[in-house]
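J.: The following file, start_16.cif, comprises mmCIF, C-alpha atoms and all ligand atoms:
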data_target
loop_
_atom_site.label_atom_id
_atom_site.label_comp_id
_atom_site.auth_asym_id
_atom_site.auth_seq_id
_atom_site.Cartn_x
_atom_site.Cartn_y
_atom_site.Cartn_z
CA MET A 1 108.26 89.88 86.80
CA ALA A 2 107.80 90.26 83.03
CA VAL A 3 104.39 91.52 81.96
CA GLU A 4 102.64 89.09 79.59
CA PRO A 5 101.75 90.29 76.07
CA LEU A 6 98.07 91.10 75.56
CA THR A 7 96.46 90.92 72.12
CA ILE A 8 92.82 91.83 71.48
CA GLY A 9 91.21 91.80 68.04
CA GLY A 10 94.66 91.23 66.52
CA THR A 11 96.09 94.38 68.17
CA GLU A 12 98.83 94.06 70.78
CA VAL A 13 98.55 96.41 73.74
CA ARG A 14 101.82 97.09 75.54
CA PRO A 15 102.22 97.75 79.27
CA GLY A 16 101.75 101.42 80.12
CA SER A 17 99.55 102.12 77.08
CA ARG A 18 95.89 102.79 76.36
CA ARG A 19 94.15 101.73 73.15
CA THR A 20 90.62 101.69 71.80
CA ILE A 21 90.18 98.65 69.57
CA ASP A 22 87.24 98.09 67.20
CA ILE A 23 86.66 94.38 66.81
CA PRO A 24 84.72 93.69 63.57
CA ALA A 25 81.35 92.15 64.51
CA ALA A 26 79.25 92.24 61.32
CA LEU A 27 78.62 93.87 57.98
CA LEU A 28 74.97 94.96 58.01
CA TYR A 29 72.63 94.59 55.04
CA THR A 30 73.06 98.34 54.54
CA HIS A 31 76.74 97.54 53.96
CA ALA A 32 77.62 99.40 57.19
CA PRO A 33 80.28 97.67 59.26
CA VAL A 34 79.47 97.06 62.95
CA THR A 35 82.25 96.76 65.51
CA LEU A 36 82.49 95.74 69.14
CA PRO A 37 84.57 98.56 70.67
CA VAL A 38 86.79 97.95 73.71
CA GLN A 39 89.16 100.27 75.50
CA VAL A 40 92.21 98.58 76.99
CA ILE A 41 94.21 100.34 79.69
CA ARG A 42 97.38 98.52 80.69
CA GLY A 43 99.33 99.51 83.75
CA ARG A 44 103.09 99.16 83.77
CA ARG A 45 102.89 96.68 86.62
CA GLU A 46 101.50 93.14 86.51
CA GLY A 47 98.08 92.63 88.09
CA PRO A 48 94.52 91.41 87.54
CA VAL A 49 92.74 91.91 84.21
CA LEU A 50 89.36 93.39 85.09
CA LEU A 51 86.62 93.44 82.45
CA VAL A 52 83.88 96.03 83.04
CA ASN A 53 81.07 95.74 80.51
CA ALA A 54 77.63 97.29 80.02
CA ALA A 55 74.59 97.08 77.72
CA ILE A 56 74.55 93.32 77.20
CA HIS A 57 70.89 94.30 77.22
CA GLY A 58 70.93 97.04 74.57
CA ASP A 59 68.50 99.40 76.34
CA GLU A 60 70.32 99.39 79.72
CA ILE A 61 72.35 102.55 79.41
CA ASN A 62 73.31 103.58 82.98
CA GLY A 63 76.33 101.27 82.69
CA VAL A 64 77.53 103.07 79.55
CA GLU A 65 77.72 106.30 81.55
CA ILE A 66 79.35 104.48 84.49
CA ILE A 67 82.13 103.32 82.15
CA ARG A 68 82.49 106.79 80.54
CA ARG A 69 83.07 108.31 84.00
CA LEU A 70 85.33 105.46 85.07
CA LEU A 71 87.61 106.06 82.09
CA GLN A 72 88.15 109.73 83.14
CA LEU A 73 89.47 108.86 86.61
CA PRO A 74 92.98 110.12 87.41
CA ALA A 75 93.61 106.96 89.49
CA LEU A 76 93.91 104.96 86.25
CA ARG A 77 97.26 106.68 85.54
CA ARG A 78 98.83 104.52 88.22
CA LEU A 79 96.96 101.33 87.37
CA ARG A 80 98.31 97.93 88.34
CA GLY A 81 97.13 95.25 85.91
CA THR A 82 94.70 95.87 83.05
CA LEU A 83 91.23 97.36 82.65
CA LEU A 84 89.12 96.14 79.72
CA ALA A 85 86.18 98.53 79.29
CA VAL A 86 83.33 97.54 76.96
CA PRO A 87 80.56 100.14 77.30
CA ILE A 88 78.27 98.52 74.71
CA VAL A 89 78.30 94.74 74.28
CA ASN A 90 74.97 94.38 72.47
CA VAL A 91 75.87 96.87 69.73
CA PHE A 92 72.82 95.80 67.66
CA GLY A 93 70.26 96.25 70.45
CA PHE A 94 71.84 99.53 71.56
CA THR A 95 71.34 101.04 68.09
CA ASP A 96 67.67 99.90 68.16
CA ARG A 97 67.21 101.06 71.81
CA SER A 98 66.18 97.46 72.46
CA ARG A 99 67.08 94.89 75.11
CA TYR A 100 67.31 92.23 72.41
CA LEU A 101 69.14 91.60 69.16
CA PRO A 102 67.47 92.04 65.75
CA ASP A 103 66.72 88.28 65.80
CA ARG A 104 64.77 88.94 69.04
CA ARG A 105 67.14 86.87 71.12
CA ASP A 106 68.50 87.88 74.51
CA LEU A 107 72.32 88.10 74.41
CA ASN A 108 72.43 87.26 78.12
CA ARG A 109 70.88 83.85 77.34
CA ALA A 110 73.18 83.13 74.38
CA PHE A 111 76.49 82.38 76.15
CA PRO A 112 78.89 80.69 75.61
CA GLY A 113 77.77 81.17 71.99
CA SER A 114 79.21 79.65 68.84
CA GLU A 115 80.77 80.72 65.56
CA ARG A 116 78.00 79.12 63.52
CA GLY A 117 74.95 79.81 65.70
CA SER A 118 72.33 82.59 65.65
CA LEU A 119 73.30 86.28 65.52
CA ALA A 120 73.12 86.40 69.34
CA SER A 121 75.19 83.26 69.62
CA ARG A 122 77.87 84.65 67.27
CA LEU A 123 78.10 87.95 69.14
CA ALA A 124 78.32 86.08 72.47
CA ASN A 125 81.10 83.93 71.01
CA LEU A 126 83.02 86.95 69.68
CA PHE A 127 82.78 88.77 73.02
CA ARG A 128 83.78 85.64 74.95
CA THR A 129 86.76 84.62 72.83
CA GLU A 130 88.18 88.08 72.04
CA ILE A 131 87.57 89.88 75.35
CA LEU A 132 86.21 87.77 78.20
CA ALA A 133 88.88 85.09 77.71
CA LYS A 134 91.58 87.71 78.53
CA ALA A 135 89.95 88.76 81.84
CA THR A 136 90.63 87.42 85.32
CA HIS A 137 87.65 89.25 86.95
CA VAL A 138 84.37 90.63 85.57
CA ILE A 139 81.85 93.34 86.48
CA ASP A 140 78.66 93.20 84.38
CA LEU A 141 76.55 96.39 84.52
CA HIS A 142 72.75 96.22 84.14
CA THR A 143 69.56 98.19 84.93
CA GLY A 144 65.95 97.20 85.45
CA ALA A 145 63.69 96.68 82.41
CA ILE A 146 61.69 99.44 80.68
CA HIS A 147 59.54 101.24 83.31
CA ARG A 148 61.06 99.06 86.07
CA GLU A 149 63.60 100.67 88.34
CA ASN A 150 66.03 98.84 90.59
CA LEU A 151 67.56 100.03 93.86
CA PRO A 152 71.36 99.88 93.37
CA GLN A 153 72.22 96.26 94.19
CA VAL A 154 74.83 93.62 93.43
CA ARG A 155 73.94 90.13 92.31
CA ALA A 156 76.48 87.39 92.74
CA ASN A 157 77.04 83.75 93.57
CA LEU A 158 77.80 84.18 97.27
CA ASP A 159 78.85 80.53 97.61
CA ASP A 160 82.02 81.46 95.69
CA PRO A 161 84.38 83.31 98.09
CA ASP A 162 86.01 85.40 95.31
CA CYS A 163 82.61 86.54 93.98
CA GLU A 164 81.45 87.26 97.52
CA ALA A 165 84.55 89.36 98.23
CA MET A 166 84.00 91.37 95.02
CA ALA A 167 80.31 91.86 95.89
CA GLN A 168 81.25 93.12 99.39
CA ALA A 169 83.92 95.41 97.94
CA PHE A 170 81.42 96.91 95.48
CA GLY A 171 79.67 98.16 98.57
CA THR A 172 75.93 98.59 97.82
CA PRO A 173 73.79 98.11 100.93
CA VAL A 174 71.98 95.16 99.32
CA ILE A 175 73.42 92.01 97.74
CA ILE A 176 71.24 89.34 96.16
CA ASN A 177 72.51 85.77 95.99
CA THR A 178 70.97 84.87 92.63
CA PRO A 179 71.06 81.47 90.97
CA LEU A 180 72.93 81.25 87.66
CA ILE A 181 70.70 81.63 84.60
CA GLU A 182 71.35 79.28 81.68
CA GLY A 183 73.21 81.09 78.90
CA SER A 184 74.07 84.19 80.96
CA LEU A 185 77.46 85.89 81.10
CA ARG A 186 77.50 85.09 84.80
CA GLN A 187 77.10 81.40 84.08
CA VAL A 188 79.90 81.25 81.54
CA CYS A 189 82.19 83.13 83.96
CA ASN A 190 81.25 80.67 86.67
CA ASP A 191 82.00 77.69 84.39
CA GLU A 192 85.40 79.17 83.54
CA SER A 193 86.21 80.03 87.21
CA ARG A 194 86.25 83.78 86.55
CA PRO A 195 84.90 85.73 89.54
CA VAL A 196 82.00 87.95 88.40
CA VAL A 197 79.47 90.33 89.93
CA THR A 198 76.45 91.92 88.29
CA TYR A 199 75.44 95.45 89.23
CA GLU A 200 71.76 96.35 88.80
CA ALA A 201 70.53 99.91 89.23
CA GLY A 202 67.98 102.29 87.73
CA GLU A 203 65.76 101.54 84.75
CA ALA A 204 66.21 100.95 81.02
CA LEU A 205 66.61 103.93 78.64
CA ARG A 206 67.17 106.36 81.52
CA PHE A 207 70.15 107.90 83.27
CA ASP A 208 69.92 107.94 87.05
CA GLU A 209 72.61 109.97 88.82
CA GLN A 210 72.57 108.02 92.11
CA SER A 211 72.74 104.68 90.27
CA ILE A 212 75.58 105.94 88.09
CA LYS A 213 77.53 107.35 91.04
CA ALA A 214 77.06 104.19 93.09
CA GLY A 215 78.21 102.18 90.06
CA VAL A 216 81.41 104.18 89.51
CA GLN A 217 82.15 104.04 93.23
CA GLY A 218 81.50 100.29 93.26
CA VAL A 219 83.86 99.57 90.36
CA VAL A 220 86.56 101.76 91.99
CA GLN A 221 86.15 99.86 95.27
CA VAL A 222 86.44 96.50 93.51
CA MET A 223 89.62 97.76 91.78
CA ARG A 224 91.03 98.75 95.18
CA HIS A 225 90.09 95.35 96.58
CA LEU A 226 91.96 93.68 93.69
CA GLY A 227 95.01 95.91 94.31
CA MET A 228 94.68 97.64 90.90
CA ILE A 229 94.52 101.17 92.31
CA ALA A 230 95.67 102.74 95.59
CA PRO A 231 93.55 102.33 98.74
CA SER A 232 91.15 105.08 99.81
CA ARG A 233 92.44 108.04 101.81
CA SER A 234 89.02 108.30 103.42
CA ARG A 235 88.91 107.29 107.05
CA ARG A 236 85.33 106.06 106.90
CA ARG A 237 85.19 102.39 107.80
CA ALA A 238 83.87 100.19 104.97
CA ARG A 239 80.48 98.81 105.91
CA GLU A 240 79.33 95.27 105.35
CA SER A 241 76.62 94.78 102.70
CA TYR A 242 73.56 92.71 103.55
CA ALA A 243 72.61 89.61 101.56
CA ALA A 244 68.87 89.15 101.11
CA ASN A 245 67.39 85.84 102.27
CA ASN A 246 65.08 85.86 99.22
CA SER A 247 62.80 88.22 97.34
CA THR A 248 59.32 88.30 95.90
CA TRP A 249 57.20 90.44 93.53
CA VAL A 250 53.89 92.07 94.49
CA ARG A 251 51.60 91.94 91.45
CA ALA A 252 48.58 93.96 90.31
CA GLU A 253 45.28 92.35 91.37
CA GLN A 254 43.28 94.31 88.77
CA ASP A 255 43.82 96.41 85.65
CA GLY A 256 43.93 100.16 86.12
CA MET A 257 45.90 103.31 86.87
CA PHE A 258 48.57 102.65 89.46
CA ARG A 259 49.79 105.19 92.06
CA ALA A 260 52.84 104.16 94.09
CA ILE A 261 53.18 105.63 97.59
CA VAL A 262 56.45 104.02 98.69
CA ALA A 263 59.87 104.68 97.20
CA LEU A 264 62.71 102.38 96.27
CA GLY A 265 64.68 101.44 99.37
CA ALA A 266 61.65 101.81 101.68
CA HIS A 267 61.28 99.43 104.61
CA VAL A 268 57.74 98.01 104.38
CA GLN A 269 55.64 95.80 106.66
CA GLN A 270 53.49 92.90 105.55
CA GLY A 271 49.97 94.17 104.79
CA GLN A 272 51.09 97.80 104.39
CA ALA A 273 49.62 99.74 101.44
CA LEU A 274 52.33 100.33 98.83
CA GLY A 275 50.05 102.05 96.33
CA PHE A 276 46.60 102.01 94.74
CA ILE A 277 45.07 100.87 91.46
CA ALA A 278 41.92 102.64 90.29
CA ASP A 279 39.81 102.83 87.15
CA PRO A 280 39.80 106.25 85.44
CA PHE A 281 36.58 107.30 87.27
CA GLY A 282 37.98 106.35 90.68
CA GLU A 283 34.97 104.11 91.30
CA LYS A 284 36.79 100.84 91.56
CA GLU A 285 39.94 101.26 93.62
CA ILE A 286 42.05 98.69 95.43
CA ALA A 287 45.12 98.99 97.63
CA VAL A 288 48.31 97.20 96.62
CA GLU A 289 49.53 95.55 99.82
CA ALA A 290 52.94 94.21 100.76
CA ILE A 291 52.72 90.40 100.83
CA THR A 292 55.82 90.31 103.01
CA SER A 293 57.93 92.63 105.14
CA GLY A 294 61.24 93.80 103.70
CA ILE A 295 63.02 96.40 101.59
CA VAL A 296 61.68 97.59 98.22
CA ILE A 297 64.50 96.77 95.78
CA GLY A 298 62.54 97.16 92.52
CA ARG A 299 59.51 99.13 91.41
CA ASN A 300 57.26 99.64 88.40
CA ASN A 301 57.19 103.30 87.31
CA LEU A 302 54.46 103.09 84.65
CA PRO A 303 50.99 103.99 86.00
CA LEU A 304 49.14 101.90 83.36
CA VAL A 305 48.99 98.33 84.65
CA HIS A 306 47.36 95.04 83.73
CA GLU A 307 46.27 92.43 86.23
CA GLY A 308 49.25 90.23 87.08
CA GLU A 309 51.87 92.87 86.33
CA ALA A 310 54.85 93.02 88.70
CA LEU A 311 54.70 96.25 90.75
CA PHE A 312 57.08 96.00 93.72
CA HIS A 313 60.08 93.74 94.28
CA ILE A 314 60.57 93.17 98.00
CA ALA A 315 63.68 91.55 99.50
CA ARG A 316 63.63 89.89 102.91
CA PHE A 317 66.48 90.29 105.40
CA ASP A 318 67.16 89.15 108.97
CA ALA A 319 68.52 92.58 109.92
CA VAL A 320 65.92 94.54 107.96
CA ARG A 321 66.08 97.68 110.14
CA ARG A 322 69.83 97.91 109.74
CA VAL A 323 69.49 97.48 105.97
CA ALA A 324 66.92 100.32 105.87
CA ARG A 325 69.26 102.61 107.83
CA TYR A 326 72.19 101.68 105.58
CA VAL A 327 70.17 102.46 102.41
CA LYS A 328 69.43 105.97 103.75
CA ALA A 329 73.03 106.56 104.84
CA PHE A 330 74.35 105.22 101.53
CA ASN A 331 72.37 107.81 99.56
CA ARG A 332 73.77 110.60 101.76
CA GLU A 333 77.33 109.28 101.68
CA LEU A 334 77.33 109.11 97.88
CA GLU A 335 77.44 112.91 97.96
CA GLU A 336 80.66 112.90 99.97
CA ASP A 337 83.67 110.64 99.94
CA GLN A 338 84.48 110.83 96.26
CA GLU A 339 88.17 111.65 96.40
CA TRP A 340 88.65 109.18 93.49
CA GLN A 341 86.83 111.64 91.22
CA GLY A 342 89.86 113.92 91.21
CA ASP A 343 89.80 117.68 91.83
CA ASP A 344 87.35 118.54 89.11
CA PRO A 345 84.14 116.47 89.45
CA GLU A 346 81.55 116.75 86.68
CA PRO A 347 78.17 118.40 87.25
CA PRO A 348 75.60 115.73 88.17
CA ILE A 349 72.80 114.63 85.82
CA VAL A 350 69.51 115.88 87.27
ZN ZN B 401 70.03 93.50 82.02
#
Rewrite the coordinates I just gave you, this time as structure tokens.
T.:
Amino acid sequence: MAVEPLTIGGTEVRPGSRRTIDIPAALLYTHAPVTLPVQVIRGRREGPVLLVNAAIHGDEINGVEIIRRLLQLPALRRLRGTLLAVPIVNVFGFTDRSRYLPDRRDLNRAFPGSERGSLASRLANLFRTEILAKATHVIDLHTGAIHRENLPQVRANLDDPDCEAMAQAFGTPVIINTPLIEGSLRQVCNDESRPVVTYEAGEALRFDEQSIKAGVQGVVQVMRHLGMIAPSRSRRRARESYAANNSTWVRAEQDGMFRAIVALGAHVQQGQALGFIADPFGEKEIAVEAITSGIVIGRNNLPLVHEGEALFHIARFDAVRRVARYVKAFNRELEEDQEWQGDDPEPPIV
């Protein structure tokens, strides 16, 4: 079968080649040009076109490192299909270390975008027409917000069998079936029948080694599932991920200094103390209690809290004990089973 031509930003990429293309995005008021960079890796054989992108929120940088590591993998030399890697989508926010664009809009609420809309809308439109439109499958990499850390988890529309299969292949212990948000990349993919999963792990403006490793492993496993790279030589049986029934936030009941006493991934019981909030003299102290039983999938890491602030994100599961065991095993197994890294793995970030 003949391999179709692929043109991105006016540059044709031939089968069996690898190109980094800078798509012009803007000319700043400093006169500096801004580009949207994409690396295209085309296998010699026909196959899916997988887009892996990060930093749609400009301060969510774990995904940038996930893509950097992904692009070093020896397995890509025998790729089937095409990998489109966009480490930084929100190039404006990334420069500012900000989630948003300079016009204070959220790029992940600006899709599908338009040529004549706001700055966010124009960037969304450029990304969608030049890159997303060429993809058959999408992995969107995110982290928690500033000072909010997420347990590695996949968010997907589990009512779509292709999205569900990608979410299961990604292989984090926890999957969240999240509704589509108006203007998000996930929504536009859904409207255009492009299977998509979102990976959420770690917190903004930080690197987290476990989150990065789990992310690289997840993308590799999705690529295996899509037949883009060879199956694993490992004999460990792939485990089924668990979809949460729903999730809820535990909020601060008073202002104060917050001390957390349970970690991400912990299995907690309703009424259990998760931490304490005290005034600086320790005279007025309250316990922060779990309002439901479940697994802690998100946590606030900043000790200075206002009343009403979200502190712990707890997901509910039917098989909660099994999920808790899987989370522990997953963290151990991330250390092993990385034959896809090649013979010369990099030293971990600590
Ligand atoms: Zn995000």
J.: Counting all atoms listed in the file, name the residues that have an atom within 10 Å of an atom of ligand ZN 401 (chain B); the answer should be given as a PyMOL selection string.
T.: chain A and resi 54-61+99+106-108+140-145+198-201+203-204
J.: Taking (90.0, 88.8, 75.5) in the file's coordinates, which residues come within 12 Å, counting only C-alpha atoms, written as a ChimeraX atom specification?
T.: /A:5-13,21,23,38-40,49-51,82-86,125-138
J.: Can you work out which one of A:Gly81, A:Pro37, A:Gly275, A:Gly16 has the shortest atom-to-atom distance to Met223 in chain A, counting only C-alpha atoms?
T.: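 Once distances to Met223 in chain A are computed over only C-alpha atoms, the minimum belongs to A:Gly81.
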J.: Between A:Met228, A:Val174, A:Ala156, A:Ile41, which one has atoms that come closest to Ser17 in chain A, using all atoms listed in the file?
T.: A:Ile41
J.: If we count only C-alpha atoms, what is near His267 in chain A at a cut-off of 10 Å, once residues fewer than 4 positions away on the same chain are taken out, given as an MDAnalysis selection string?
T.: chainID A and resid 262:263 293:297 314:316 320:321 323:325 327
J.: Choose the residue, out of A:Phe111, A:Ser98, A:Gln153, A:Arg122, that has the smallest atom-to-atom separation from Gly218 in chain A; count all atoms listed in the file.
T.: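 Once distances to Gly218 in chain A are computed over all atoms listed in the file, the minimum belongs to A:Gln153.
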J.: Env of Tyr326 in chain A: 9 Å cut, atoms = only C-alpha atoms, seq-sep filter 5 positions within chain, self excluded. Answer as a PyMOL selection string.
T.: chain A and resi 173+239+241+321+331
J.: With all atoms listed in the file as the basis for distance, which of A:Glu192, A:Asp103, A:Asp279, A:Asp162 is at the shortest distance from Val305 in chain A?
T.: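 Of A:Glu192, A:Asp103, A:Asp279, A:Asp162, the one nearest Val305 in chain A, counting all atoms listed in the file, is A:Asp279.
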J.: Compare A:Ala273, A:Gln254, A:Phe207, A:Ile349 by their minimum atom-to-atom distance to His306 in chain A, counting all atoms listed in the file, and give me the closest one.
T.: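 Of A:Ala273, A:Gln254, A:Phe207, A:Ile349, the one nearest His306 in chain A, counting all atoms listed in the file, is A:Gln254.
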J.: Between CA of Tyr242 in chain A and CA of Leu158 in chain A, measure the distance and give it in Å to one decimal.
T.: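 Separating CA of Tyr242 in chain A from CA of Leu158 in chain A is a distance of 11.4 Å.
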J.: Could you check which of A:Gly282, A:Gly43, A:Gly271, A:Arg259 is closest to Pro15 in chain A, using only C-alpha atoms?
T.: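 Distance minimum relative to Pro15 in chain A lands on A:Gly43.
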J.: Using all atoms listed in the file, which residues sit within 7 Å of Ile176 in chain A once same-chain residues fewer than 3 positions away are excluded, as a short mmCIF file (atom, residue, chain, number, x, y, z; two decimals) with C-alpha atoms, keeping the file's coordinate frame?
T.:
data_model
loop_
_atom_site.label_atom_id
_atom_site.label_comp_id
_atom_site.auth_asym_id
_atom_site.auth_seq_id
_atom_site.Cartn_x
_atom_site.Cartn_y
_atom_site.Cartn_z
CA VAL A 154 74.83 93.62 93.43
CA ARG A 155 73.94 90.13 92.31
CA ALA A 156 76.48 87.39 92.74
CA ALA A 243 72.61 89.61 101.56
CA ALA A 244 68.87 89.15 101.11
#
J.: Just how far from CA of Val288 in chain A is CA of Asn300 in chain A, in Å to one decimal?
T.: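 Distance between the two atoms: 12.4 Å.
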J.: What is the distance between CA of Ser234 in chain A and CA of Gln221 in chain A, in Å to one decimal?
T.: 12.1 Å
